[in-house]
Every structure is written in C-alpha cells, then in structure tokens.
$ cat model-v8.cif   # mmCIF, C-alpha atoms
data_run
#
loop_
_atom_site.label_atom_id
_atom_site.label_comp_id
_atom_site.auth_asym_id
_atom_site.auth_seq_id
_atom_site.Cartn_x
_atom_site.Cartn_y
_atom_site.Cartn_z
CA MET A 1 20.04 5.04 23.59
CA VAL A 2 18.19 7.91 25.27
CA PRO A 3 18.45 11.18 23.38
CA SER A 4 19.18 14.10 25.69
CA ALA A 5 16.23 16.46 25.71
CA SER A 6 18.13 19.67 26.24
CA THR A 7 15.39 22.20 25.57
CA PRO A 8 11.74 21.98 26.66
CA ARG A 9 10.69 22.39 23.05
CA ARG A 10 12.64 19.37 21.92
CA ARG A 11 11.17 17.33 24.74
CA VAL A 12 7.66 18.12 23.53
CA VAL A 13 8.56 17.03 20.00
CA LEU A 14 10.01 13.77 21.30
CA GLU A 15 6.92 13.04 23.36
CA LEU A 16 4.66 13.75 20.39
CA ARG A 17 6.63 11.25 18.35
CA ASP A 18 5.86 8.60 20.93
CA VAL A 19 2.09 9.09 20.74
CA PRO A 20 1.43 6.60 17.87
CA ARG A 21 3.34 3.87 19.77
CA ARG A 22 1.73 4.49 23.14
CA HIS A 23 -1.84 5.25 22.09
CA PRO A 24 -2.18 3.71 18.62
CA ARG A 25 -6.00 3.59 18.56
CA ALA A 26 -6.48 7.18 19.73
CA PHE A 27 -3.85 8.32 17.27
CA LEU A 28 -5.61 6.52 14.44
CA VAL A 29 -8.95 8.20 15.30
CA VAL A 30 -7.35 11.67 15.35
CA PHE A 31 -5.52 10.89 12.12
CA ALA A 32 -8.75 9.76 10.44
CA ALA A 33 -10.59 12.90 11.59
CA ALA A 34 -7.82 15.16 10.27
CA TRP A 35 -7.79 13.21 7.01
CA LEU A 36 -11.55 13.57 6.57
CA THR A 37 -11.54 17.30 7.35
CA LEU A 38 -8.77 17.91 4.87
CA TYR A 39 -10.47 15.79 2.21
CA ARG A 40 -13.73 17.68 2.64
CA SER A 41 -12.13 21.11 2.38
CA LEU A 42 -10.17 20.35 -0.78
CA LEU A 43 -12.63 21.90 -3.20
CA PRO A 44 -13.02 25.31 -1.46
CA LEU A 45 -9.29 25.43 -0.73
CA SER A 46 -8.23 24.73 -4.31
CA THR A 47 -10.77 27.18 -5.73
CA ALA A 48 -9.63 29.88 -3.31
CA LEU A 49 -6.01 29.23 -4.21
CA VAL A 50 -6.60 29.55 -7.96
CA ASP A 51 -8.71 32.68 -7.47
CA ARG A 52 -5.72 34.37 -5.85
CA LEU A 53 -3.44 33.58 -8.78
CA PRO A 54 -3.07 36.25 -11.47
CA VAL A 55 -4.97 34.36 -14.19
CA ALA A 56 -8.28 35.04 -15.89
CA LYS A 57 -11.00 33.43 -13.75
CA ASP A 58 -12.92 31.69 -16.50
CA GLY A 59 -10.06 31.03 -18.92
CA HIS A 60 -8.58 27.69 -19.97
CA LEU A 61 -5.58 28.15 -17.68
CA ALA A 62 -7.69 28.71 -14.58
CA GLU A 63 -9.75 25.64 -15.46
CA SER A 64 -6.61 23.50 -15.80
CA LEU A 65 -5.07 24.89 -12.61
CA ARG A 66 -8.23 24.30 -10.62
CA PHE A 67 -8.30 20.68 -11.83
CA PHE A 68 -4.63 20.18 -10.95
CA PHE A 69 -4.77 21.73 -7.49
CA TYR A 70 -7.91 19.81 -6.63
CA ASP A 71 -7.03 16.42 -8.09
CA THR A 72 -3.41 16.09 -6.94
CA PRO A 73 -4.09 16.36 -3.20
CA LYS A 74 -7.29 14.36 -3.66
CA VAL A 75 -5.55 11.40 -5.29
CA LEU A 76 -2.61 11.52 -2.87
CA LEU A 77 -4.93 11.72 0.15
CA LEU A 78 -7.06 8.83 -1.06
CA LEU A 79 -3.98 6.79 -1.83
CA THR A 80 -2.53 7.47 1.63
CA GLY A 81 -5.81 6.56 3.33
CA VAL A 82 -6.35 3.34 1.40
CA VAL A 83 -2.71 2.21 1.59
CA LEU A 84 -2.66 2.87 5.35
CA ALA A 85 -5.87 0.91 5.89
CA MET A 86 -4.65 -1.92 3.68
CA GLY A 87 -1.24 -1.92 5.38
CA ILE A 88 -3.00 -2.50 8.70
CA VAL A 89 -5.37 -5.14 7.24
CA ASN A 90 -2.37 -6.91 5.63
CA THR A 91 -0.90 -7.62 9.06
CA TYR A 92 -3.94 -9.80 9.82
CA PHE A 93 -3.49 -11.84 6.63
CA THR A 94 0.05 -13.07 6.28
CA ALA A 95 0.87 -15.47 3.45
CA ALA A 96 1.30 -18.28 6.00
CA ARG A 97 -2.13 -17.61 7.49
CA THR A 98 -3.75 -17.50 4.05
CA ARG A 99 -2.14 -20.83 3.22
CA ALA A 100 -3.52 -22.35 6.42
CA LEU A 101 -6.98 -21.03 5.51
CA LEU A 102 -6.78 -22.52 2.01
CA ALA A 103 -5.24 -25.90 2.84
CA GLY A 104 -7.66 -28.73 2.18
CA ARG A 105 -10.34 -26.53 0.58
CA ARG A 106 -12.16 -28.04 -2.31
CA GLU A 107 -12.40 -26.38 -5.69
CA GLY A 108 -15.30 -23.97 -6.10
CA VAL A 109 -15.48 -22.56 -2.58
CA GLY A 110 -11.69 -22.69 -2.51
CA ASN A 111 -11.41 -20.60 -5.68
CA VAL A 112 -13.72 -17.91 -4.32
CA LEU A 113 -11.89 -17.82 -0.99
CA ALA A 114 -8.45 -17.75 -2.67
CA ALA A 115 -9.39 -14.87 -4.96
CA THR A 116 -10.83 -12.90 -2.04
CA LEU A 117 -7.79 -13.54 0.16
CA GLY A 118 -5.63 -12.43 -2.78
CA VAL A 119 -7.02 -8.91 -2.28
CA VAL A 120 -6.03 -8.61 1.40
CA THR A 121 -2.84 -10.69 1.58
CA PRO A 122 0.40 -8.76 1.06
CA PHE A 123 2.01 -9.98 -2.13
CA CYS A 124 5.16 -9.18 -4.02
CA SER A 125 5.74 -10.79 -7.42
CA CYS A 126 9.18 -12.01 -6.32
CA SER A 127 7.38 -14.14 -3.73
CA ALA A 128 5.22 -15.83 -6.36
CA VAL A 129 7.31 -18.99 -6.58
CA PRO A 130 7.89 -19.70 -2.86
CA LEU A 131 4.20 -19.01 -2.39
CA PHE A 132 3.25 -21.37 -5.18
CA ILE A 133 5.40 -24.22 -3.83
CA GLY A 134 4.28 -23.54 -0.27
CA PHE A 135 0.62 -23.78 -1.31
CA VAL A 136 1.15 -27.00 -3.26
CA GLN A 137 3.10 -28.52 -0.34
CA ALA A 138 0.26 -27.78 2.05
CA GLY A 139 -2.23 -29.53 -0.22
CA VAL A 140 -3.94 -26.45 -1.66
CA PRO A 141 -5.42 -27.61 -5.01
CA LEU A 142 -3.64 -26.32 -8.14
CA GLY A 143 -6.66 -24.37 -9.42
CA VAL A 144 -7.19 -22.69 -6.04
CA THR A 145 -3.51 -21.69 -5.97
CA PHE A 146 -3.90 -20.11 -9.41
CA SER A 147 -6.98 -18.16 -8.30
CA PHE A 148 -4.80 -16.59 -5.63
CA LEU A 149 -1.91 -15.96 -8.03
CA VAL A 150 -4.18 -14.10 -10.46
CA SER A 151 -6.09 -12.06 -7.91
CA ALA A 152 -3.15 -10.98 -5.72
CA PRO A 153 -1.32 -8.77 -8.24
CA MET A 154 -4.41 -7.70 -10.23
CA VAL A 155 -6.84 -6.61 -7.52
CA ASN A 156 -4.76 -4.54 -5.13
CA GLU A 157 -5.30 -1.47 -3.02
CA VAL A 158 -3.29 0.88 -5.22
CA ALA A 159 -5.30 -0.06 -8.32
CA LEU A 160 -8.59 0.39 -6.48
CA ALA A 161 -7.62 3.67 -4.80
CA MET A 162 -6.34 5.20 -8.03
CA LEU A 163 -9.35 4.07 -10.06
CA PHE A 164 -11.67 5.43 -7.40
CA ALA A 165 -9.83 8.76 -7.25
CA MET A 166 -9.61 9.26 -11.00
CA PHE A 167 -12.73 7.60 -12.40
CA GLY A 168 -15.11 7.30 -9.48
CA PHE A 169 -16.69 4.64 -7.34
CA ARG A 170 -18.48 2.75 -10.12
CA VAL A 171 -15.35 2.04 -12.14
CA ALA A 172 -13.42 0.96 -9.03
CA ALA A 173 -16.23 -1.38 -7.95
CA LEU A 174 -16.47 -2.84 -11.46
CA TYR A 175 -12.73 -3.43 -11.54
CA LEU A 176 -12.93 -5.26 -8.21
CA ALA A 177 -15.87 -7.42 -9.33
CA LEU A 178 -14.32 -8.24 -12.71
CA GLY A 179 -10.87 -8.92 -11.29
CA LEU A 180 -12.33 -11.34 -8.75
CA SER A 181 -14.44 -13.06 -11.42
CA ILE A 182 -11.44 -13.59 -13.70
CA ALA A 183 -9.35 -14.96 -10.82
CA ILE A 184 -12.11 -17.33 -9.66
CA LEU A 185 -13.01 -18.55 -13.15
CA SER A 186 -9.50 -19.03 -14.54
CA GLY A 187 -8.43 -20.87 -11.38
CA TRP A 188 -11.51 -23.07 -11.58
CA ILE A 189 -10.88 -23.90 -15.25
CA ILE A 190 -7.21 -24.73 -14.61
CA GLY A 191 -8.32 -26.96 -11.73
CA ARG A 192 -10.80 -28.79 -13.98
CA LEU A 193 -8.10 -29.47 -16.58
CA ARG A 194 -6.22 -31.67 -14.06
CA LEU A 195 -2.75 -30.44 -14.93
CA GLU A 196 -0.92 -31.51 -11.76
CA HIS A 197 1.43 -33.64 -13.88
CA LEU A 198 2.74 -30.45 -15.49
CA LEU A 199 4.45 -29.29 -12.31
CA GLU A 200 8.21 -29.73 -12.37
CA ALA A 201 9.07 -33.08 -10.78
CA TRP A 202 11.04 -31.65 -7.87
CA VAL A 203 8.06 -29.54 -6.83
CA ARG A 204 5.75 -32.57 -6.80
CA ASP A 205 8.31 -34.49 -4.77
CA MET A 206 8.65 -31.83 -2.09
CA PRO A 207 7.64 -33.27 1.28
CA LYS A 208 4.08 -32.42 2.25
CA VAL A 209 3.74 -30.03 5.15
CA GLN A 210 1.06 -29.33 7.69
CA ALA A 211 0.05 -25.70 7.16
CA THR A 212 -0.08 -23.69 10.36
CA ALA A 213 -0.36 -19.98 10.82
CA ASP A 214 2.64 -18.42 12.53
CA GLY A 215 1.99 -17.93 16.23
CA GLU A 216 3.25 -14.39 16.79
CA ARG A 217 0.45 -11.84 17.14
CA PRO A 218 1.63 -8.27 16.61
CA SER A 219 0.30 -5.52 18.88
CA PHE A 220 -1.94 -2.84 17.41
CA ALA A 221 0.92 -0.33 17.63
CA GLU A 222 3.01 -2.67 15.48
CA ARG A 223 0.16 -3.05 12.99
CA LEU A 224 -0.16 0.75 12.79
CA ASP A 225 3.59 0.95 12.30
CA ALA A 226 3.34 -1.52 9.42
CA GLY A 227 0.53 0.58 7.91
CA PHE A 228 2.63 3.74 7.93
CA ALA A 229 5.61 1.80 6.64
CA SER A 230 3.60 0.75 3.59
CA VAL A 231 2.42 4.36 3.12
CA ARG A 232 6.06 5.48 3.07
CA GLU A 233 7.00 2.69 0.71
CA ILE A 234 4.08 2.82 -1.74
CA VAL A 235 3.04 6.48 -1.73
CA GLY A 236 6.72 7.43 -1.60
CA LYS A 237 7.23 5.47 -4.80
CA VAL A 238 4.16 6.38 -6.82
CA TRP A 239 3.67 10.10 -6.20
CA PRO A 240 5.73 11.21 -9.23
CA TYR A 241 3.56 9.05 -11.51
CA VAL A 242 0.45 10.54 -9.97
CA LEU A 243 1.74 14.08 -10.46
CA VAL A 244 2.66 13.54 -14.10
CA GLY A 245 -0.59 11.72 -14.82
CA ILE A 246 -2.69 14.48 -13.33
CA ALA A 247 -0.66 17.23 -15.00
CA VAL A 248 -1.35 15.61 -18.39
CA GLY A 249 -4.98 15.14 -17.42
CA ALA A 250 -5.21 18.77 -16.31
CA GLY A 251 -3.86 19.97 -19.66
CA ILE A 252 -6.43 17.88 -21.50
CA HIS A 253 -9.19 18.96 -19.14
CA GLY A 254 -8.65 22.62 -19.89
CA TYR A 255 -7.75 22.58 -23.56
CA VAL A 256 -9.03 19.56 -25.45
CA PRO A 257 -12.71 19.74 -26.43
CA THR A 258 -14.67 16.65 -25.36
CA GLU A 259 -16.06 15.88 -28.82
CA LEU A 260 -12.56 15.28 -30.19
CA VAL A 261 -11.04 11.78 -29.97
CA ALA A 262 -12.21 8.16 -30.49
CA GLY A 263 -9.26 6.71 -32.35
CA ILE A 264 -8.23 3.07 -32.68
CA MET A 265 -9.28 2.27 -29.14
CA GLY A 266 -12.83 3.46 -29.55
CA ARG A 267 -15.76 1.22 -28.84
CA SER A 268 -16.80 0.49 -32.42
CA ALA A 269 -14.10 -1.96 -33.49
CA TRP A 270 -14.35 -5.47 -31.90
CA TRP A 271 -10.65 -6.23 -32.26
CA THR A 272 -9.48 -3.39 -30.00
CA VAL A 273 -9.77 -5.45 -26.78
CA PRO A 274 -7.69 -8.47 -27.94
CA ILE A 275 -5.04 -6.13 -29.37
CA ALA A 276 -4.87 -4.14 -26.12
CA VAL A 277 -4.49 -7.38 -24.12
CA MET A 278 -1.81 -8.70 -26.50
CA ILE A 279 0.20 -5.54 -25.99
CA GLY A 280 -0.39 -5.59 -22.24
CA VAL A 281 0.50 -9.20 -21.39
CA PRO A 282 4.31 -9.07 -21.79
CA MET A 283 4.51 -5.59 -20.24
CA TYR A 284 5.35 -5.27 -16.59
CA SER A 285 4.27 -2.40 -14.40
CA ASN A 286 2.45 -1.96 -11.13
CA ALA A 287 -0.99 -0.42 -10.89
CA ALA A 288 0.30 3.00 -9.90
CA GLY A 289 2.47 3.29 -12.98
CA ILE A 290 -0.18 2.14 -15.40
CA ILE A 291 -3.18 4.20 -14.28
CA PRO A 292 -1.96 7.56 -15.65
CA VAL A 293 -1.53 5.73 -18.98
CA VAL A 294 -5.06 4.35 -18.72
CA SER A 295 -6.36 7.82 -17.98
CA ALA A 296 -4.51 9.18 -21.01
CA LEU A 297 -5.98 6.38 -23.17
CA LEU A 298 -9.47 7.16 -21.94
CA SER A 299 -9.08 10.85 -22.56
CA LYS A 300 -8.02 10.04 -26.12
CA GLY A 301 -11.31 8.27 -26.65
CA ALA A 302 -10.49 4.66 -25.80
CA ALA A 303 -13.50 2.73 -24.54
CA LEU A 304 -13.51 1.99 -20.81
CA GLY A 305 -13.57 -1.80 -21.31
CA THR A 306 -10.56 -1.66 -23.63
CA ALA A 307 -8.59 0.54 -21.25
CA LEU A 308 -9.40 -1.64 -18.20
CA ALA A 309 -8.55 -4.84 -20.14
CA PHE A 310 -5.20 -3.29 -21.03
CA MET A 311 -4.54 -2.40 -17.40
CA MET A 312 -5.54 -5.85 -16.12
CA SER A 313 -3.28 -7.63 -18.60
CA VAL A 314 -0.33 -5.43 -17.65
CA VAL A 315 -0.64 -5.99 -13.89
CA ALA A 316 -1.84 -9.63 -13.88
CA LEU A 317 0.58 -11.17 -16.37
CA SER A 318 4.13 -10.25 -17.27
CA LEU A 319 7.23 -11.66 -18.91
CA PRO A 320 9.38 -11.56 -15.72
CA GLU A 321 6.68 -13.48 -13.84
CA VAL A 322 6.52 -16.14 -16.56
CA VAL A 323 10.31 -16.52 -16.44
CA ILE A 324 10.24 -17.03 -12.68
CA LEU A 325 7.26 -19.43 -12.82
CA ARG A 326 9.17 -21.53 -15.36
CA LYS A 327 11.25 -22.81 -12.43
CA VAL A 328 8.26 -24.71 -11.08
CA LEU A 329 5.89 -25.17 -14.04
CA ARG A 330 6.29 -26.98 -17.35
CA PRO A 331 5.95 -24.65 -20.38
CA LYS A 332 2.59 -26.19 -21.28
CA LEU A 333 1.09 -25.26 -17.91
CA ILE A 334 2.46 -21.71 -18.21
CA ALA A 335 0.86 -21.47 -21.66
CA VAL A 336 -2.47 -22.66 -20.26
CA PHE A 337 -2.22 -20.18 -17.37
CA VAL A 338 -1.41 -17.19 -19.60
CA GLY A 339 -3.99 -18.29 -22.19
CA VAL A 340 -6.87 -18.74 -19.75
CA VAL A 341 -6.24 -15.47 -17.91
CA ALA A 342 -5.75 -13.47 -21.13
CA ALA A 343 -8.93 -14.95 -22.61
CA GLY A 344 -10.81 -14.05 -19.44
CA ILE A 345 -9.60 -10.46 -19.63
CA VAL A 346 -10.56 -10.19 -23.31
CA ILE A 347 -14.08 -11.46 -22.62
CA VAL A 348 -14.53 -9.10 -19.69
CA GLY A 349 -13.27 -6.11 -21.69
CA ALA A 350 -15.56 -6.94 -24.61
CA VAL A 351 -18.63 -7.44 -22.37
CA PHE A 352 -17.82 -4.17 -20.64
CA ASN A 353 -17.67 -2.29 -23.95
CA ALA A 354 -20.88 -3.91 -25.15
CA VAL A 355 -23.07 -3.15 -22.12
CA LEU A 356 -21.76 0.25 -21.10
CA MET B 1 28.88 -16.21 16.65
CA LYS B 2 25.40 -16.20 15.27
CA ASN B 3 24.69 -17.67 11.88
CA VAL B 4 22.23 -15.52 9.93
CA LYS B 5 20.74 -16.66 6.64
CA VAL B 6 18.75 -14.36 4.39
CA LEU B 7 16.46 -16.37 2.09
CA GLY B 8 15.42 -14.81 -1.19
CA THR B 9 15.67 -15.24 -4.93
CA GLY B 10 17.35 -11.88 -5.47
CA CYS B 11 14.44 -9.43 -5.47
CA PRO B 12 15.00 -5.81 -4.31
CA LYS B 13 13.40 -6.51 -0.92
CA CYS B 14 15.73 -9.45 -0.30
CA LYS B 15 18.74 -7.25 -1.03
CA ALA B 16 17.39 -4.54 1.27
CA THR B 17 16.97 -7.11 4.03
CA LEU B 18 20.55 -8.32 3.60
CA ARG B 19 21.87 -4.75 3.76
CA MET B 20 19.80 -4.00 6.86
CA VAL B 21 21.11 -7.07 8.72
CA GLU B 22 24.70 -6.12 7.79
CA GLU B 23 24.18 -2.53 8.91
CA VAL B 24 22.55 -3.36 12.23
CA ALA B 25 25.26 -5.94 13.01
CA ARG B 26 27.96 -3.37 12.31
CA GLN B 27 26.22 -0.71 14.40
CA LYS B 28 25.84 -3.02 17.37
CA GLY B 29 29.33 -4.38 16.91
CA VAL B 30 28.01 -7.94 16.78
CA GLU B 31 29.97 -10.42 14.71
CA ILE B 32 27.76 -12.61 12.58
CA GLU B 33 28.17 -15.16 9.86
CA LEU B 34 25.89 -13.86 7.12
CA VAL B 35 24.79 -16.22 4.34
CA LYS B 36 22.61 -15.38 1.37
CA VAL B 37 20.49 -18.32 0.21
CA GLU B 38 19.29 -17.91 -3.37
CA ASP B 39 18.59 -21.51 -4.35
CA LEU B 40 14.85 -22.06 -4.49
CA ARG B 41 14.91 -25.66 -3.30
CA GLU B 42 17.02 -24.78 -0.31
CA ILE B 43 14.77 -21.82 0.52
CA MET B 44 11.72 -24.07 0.45
CA THR B 45 13.23 -26.50 2.96
CA TYR B 46 12.66 -23.82 5.61
CA GLY B 47 8.92 -23.98 5.03
CA ILE B 48 8.37 -20.28 4.36
CA VAL B 49 5.70 -19.03 1.96
CA ALA B 50 6.90 -15.48 1.35
CA THR B 51 10.38 -14.09 0.76
CA PRO B 52 12.59 -12.54 2.00
CA GLY B 53 13.01 -14.82 4.98
CA VAL B 54 15.50 -14.58 7.82
CA VAL B 55 16.90 -17.65 9.59
CA ILE B 56 19.01 -17.33 12.73
CA ASP B 57 20.93 -20.40 13.92
CA GLY B 58 18.60 -22.62 11.92
CA LYS B 59 15.37 -21.05 13.20
CA VAL B 60 13.05 -19.02 10.94
CA VAL B 61 12.41 -15.65 12.61
CA HIS B 62 10.86 -13.72 9.72
CA ALA B 63 9.14 -14.28 6.37
CA GLY B 64 7.75 -11.79 3.83
CA GLY B 65 8.78 -8.17 3.41
CA VAL B 66 11.71 -6.18 4.76
CA PRO B 67 11.78 -6.55 8.56
CA ALA B 68 11.67 -3.48 10.81
CA ARG B 69 15.04 -2.22 12.00
CA ASP B 70 14.36 -2.68 15.73
CA LYS B 71 13.22 -6.25 15.03
CA VAL B 72 16.53 -7.00 13.36
CA ALA B 73 18.30 -5.44 16.33
CA SER B 74 16.40 -7.68 18.74
CA TRP B 75 17.47 -10.82 16.82
CA LEU B 76 21.18 -10.07 16.95
#
$ encode --input "model-v8.cif" --output "structure tokens"
Amino acid sequence: MVPSASTPRRRVVLELRDVPRRHPRAFLVVFAAAWLTLYRSLLPLSTALVDRLPVAKDGHLAESLRFFFYDTPKVLLLLTGVVLAMGIVNTYFTAARTRALLAGRREGVGNVLAATLGVVTPFCSCSAVPLFIGFVQAGVPLGVTFSFLVSAPMVNEVALAMLFAMFGFRVAALYLALGLSIAILSGWIIGRLRLEHLLEAWVRDMPKVQATADGERPSFAERLDAGFASVREIVGKVWPYVLVGIAVGAGIHGYVPTELVAGIMGRSAWWTVPIAVMIGVPMYSNAAGIIPVVSALLSKGAALGTALAFMMSVVALSLPEVVILRKVLRPKLIAVFVGVVAAGIVIVGAVFNAVL
Amino acid sequence: MKNVKVLGTGCPKCKATLRMVEEVARQKGVEIELVKVEDLREIMTYGIVATPGVVIDGKVVHAGGVPARDKVASWL
C-alpha cells in the first residue's frame, strides 16, 4: 500500500520516516549525538527553567523543583539509551543461540558463561519453563541452567540503568558484580548437589536434542527496529513509576533534613537483611517498579546493602515463578533453589553493609 | 488454508501474538486455522526455547517475544 503524498510537506515527512530503515547506522550515529548533546545540557536547561518560575531562588521549593526537572529527563534519557542499546544487543543473543553456546559446557566455566549470557539474552519470566526444558534437553548441566535462570531476571538493563541514574556508577557496578556472583555461586552449588533426580520424570524423559542456533541473521535495520521496539515497550511501561519515584525523591530532597532517619532498616541491626529478603522473596515486580521503592527506603535511612538485598530478592525470586517451575521441578528442588539464592542474597547484603 | 499454531503458556505476550495473527489475517482477508497450544509438553515437542512461538503448517517460524507486524504479514 503506497500512501499518496499529496503535499510536498507530507512527502518530506514520509521520506524522513524511512531514514532509519534505509540508513540504520548513520541514523544511529545522529541519534547518539543528539542524545549526548541533550544529556549534557540537562543541568543548565533545568536550572534556567526553574529560575524563570515565580519561586524564591534559594527556597525549599526551588531546590525540589530543580531536582525534579533535572532528574526526570536524566533518568528517562538514560533508560532510553540503555534499553535501546540492550535491545540491539539482544538480537545477537537469542535464547536458542545461548543454549547452543552452553550445551556441553562443564560446570565452573559453564556457570560463569551462563550468568554472563543471562545479562544479554532477552528473557521473560513466562519463558522460564520452556527455556529450562530446552536447556536440559540440549545437555546443559542443571547447575549451569540455574546460573542462567538466576542471572537473567536479576541482572537486567532496566535495573542497571535505573541504579546508575539514581545512585551513580559505583552502586550500579556493585549490583552487576554481586548479581553475577550470586548467579554463578548458587548455580555451582546446585550443580554440586547432584539433584538431577528431582526433575519431574517427563522432563528427564524428553528426547535429547542437538542444540543449534537458528540460521536467520537479521539485518542491522531490523536490529535497530527491535531496539526501538523495546524502548517503546519498556520505557513506555515504566515512565509513570519513574515520575512518581522522582517526585517523592524531590520532595524529600528539598524538605527532609539529611540527619533525620535510620529506622529499622539502618545498618546497626544484623537481622535487617534476612528480614528484607524474607519480605522480598514472595513479592513479584520488575526492576523498574521496585527501584523507586528502594530509593524511598534509602532516603528513610535504610542501609544500601539491605535495600539492594531487598531489590534482588524481589526481582530474582517470586511466587508466580515458583508456581510455574513446579511443573518441571519436584518441590524439594524448588526449595533448594529458593534457599540457595535467598541465602546468597542475604550474605551479599550483609557483607555490603559491613564493608561500606 | 494455512494452519497457524501459537505456542505459549498464557503469558501476556502470547496473547498479544495471538491477537496480532488474528488481526493481520483479517486485514489481509486470508483464511487461517488458528490454534492456541498451551500444553507445555506439546509446546516442547517443537524444540523452541522461548515463548511465544509461531508454527505455520508444522514449521516453526518464530520463537520468543511478540513478532513484528510485517513479519506476521509475510507468513500469511
């Protein structure tokens, strides 16, 4: 269907729309340059904007407004950039390709590789079971499969982008390192326990398959398309959470004195991390929904390790996931899985609180 | 008439895929036999690792995520 370009102006618009398809690489470079320019001018722009508003320049309100008008576009820009980049990277690592890469790996190296691939492979929790069976069928060891299953939901681009935007590079890098460590270690431990007999019988009896990566190679224009599709999907879904989270943060930033706080989630009590994890495990949310909560916890004086442990337990383990895994795993194996991962998160949170 | 199967355990993306296939078929005026496969064991016999999957006349054409609209159009 060819749309009739009746006016010259409409023709120009139509041709512009075609640019990403025809010249995807050039378009990406221009897009990146525009993104960077905008990102760099956020601070002067937001300050200038607030200065024009009829509020006292050094009052609480101006302080809050400045924070809000700087942080909202900053977080949304970062999120868009990271989700776009990850959306493009994801097209290089399909689940089938990851399975082919992991098939026949031994434990140890396999766990490290699986946890790392979990970061870049697109994953949706409703795919957890087909993925699990598919891995087992292709001869991926049980422990290696679990490393992937822990890392994929926990260490994802939205979590990293939001942590980076709201708490800085160090916290984001720590989250990445800790998430990977938990995935590698818990998968390795489950592998050592030799629990293959705890798979449901029909899963064990599935015919073995030769893992091959699917042959179709998408063009770069298609990869770029997929990147923007995930921006529409993810950023389109999370922006209200971001807005509310930052609005709350802005209020606190302007009005609540920093000395106040340190309640039950403060660093001093040792039991805060296990309690936070116990509350977090059955909860289900994605990273975007939970980060404003984490930021609120932190601003109320929760220790960073406690807050991160809470976040990890919410995104890595959940009741719906356990229910769906029950179709392929015996209850004992599910208990081991939840126990090992939760223990890992508790240890990490406690270590974090102790050293920082 | 083409036989189209959408494989998925009932997650939102699987439902979106089913709707998209229905819509595109209606738009193009193509008659199809659309089947939703929710049984896990049956899904796994197609050898896919990620859902939703799309099978046309017994051949897997897509696995993982909602397919793009023009892709769906090219299958039908």
$ closest_residue --input "model-v8.cif" --among "A:Val341, A:Val82, A:Val19, A:Ala354" --to "Phe164 of chain A" --atoms "all atoms listed in the file"
A:Val82
$ closest_atom_pairs --input "model-v8.cif" --of "chain B" --to "chain A" --cutoff "8 Å" --atoms "all atoms listed in the file" --output "tab-separated table"
residue	atom	partner	partner_atom	distance
B:Thr9	CA	A:Cys126	CA	7.4
B:Cys11	CA	A:Cys126	CA	5.9
B:Leu40	CA	A:Pro130	CA	7.5
B:Ile43	CA	A:Pro130	CA	8.0
B:Met44	CA	A:Pro130	CA	6.7
B:Gly47	CA	A:Gly134	CA	7.1
B:Ile48	CA	A:Gly134	CA	7.0
B:Val49	CA	A:Leu131	CA	4.6
B:Ala50	CA	A:Ser127	CA	5.3
B:Thr51	CA	A:Ser127	CA	5.4
B:Pro52	CA	A:Ser127	CA	7.9
B:Gly64	CA	A:Ala95	CA	7.8
$ resolve_selection --input "model-v8.cif" --expression "the PyMOL selection byres ((chain B and resi 4) around 8)" --output "VMD selection string"
chain B and resid 2 to 3 5 to 6 32 to 35 54 to 57
$ residues_near_point --input "model-v8.cif" --point "(-5.8, -18.6, -6.5)" --cutoff "7 Å" --atoms "all atoms listed in the file" --output "list in words"
Asn111, Ala114, Ala115, Gly143, Val144, Thr145, Phe146, Ser147, Phe148, Leu149, Val150, Ser151, Ala183 and Gly187 of chain A
$ closest_residue --input "model-v8.cif" --among "A:Val336, A:Ala247, A:Ala56, A:Val112" --to "Ile184 of chain A" --atoms "all atoms listed in the file"
A:Val112
$ atom_distance --input "model-v8.cif" --atom1 "atom CA of Gly168 of chain A" --atom2 "atom CA of Phe352 of chain A"
16.2 Å
$ residues_near_point --input "model-v8.cif" --point "(-4.3, -7.3, -18.0)" --cutoff "8 Å" --atoms "all atoms listed in the file" --output "PyMOL selection string"
chain A and resi 154+277+280-281+308-317+342+345
$ resolve_selection --input "model-v8.cif" --expression "the PyMOL selection byres ((chain B and resi 24) around 10)" --output "number ranges by chain"
B: 19-23, 25-30, 69-70, 72-74, 76
$ resolve_selection --input "model-v8.cif" --expression "the PyMOL selection byres ((chain A and resi 174) around 12)" --output "list in words"
Val155, Ala159, Leu160, Leu163, Phe164, Phe167, Gly168, Phe169, Arg170, Val171, Ala172, Ala173, Tyr175, Leu176, Ala177, Leu178, Gly179, Leu180, Ser181, Leu304, Gly305, Leu308, Ala309, Val348, Gly349, Phe352 and Leu356 of chain A
$ residues_around --input "model-v8.cif" --residues "Tyr46 of chain B" --least-positions-apart "6" --cutoff "10 Å" --atoms "all atoms listed in the file" --output "VMD selection string"
chain B and resid 7 53 to 55 58 to 60
$ atom_distance --input "model-v8.cif" --atom1 "atom CA of Ala85 of chain A" --atom2 "atom CA of Leu102 of chain A"
23.8 Å
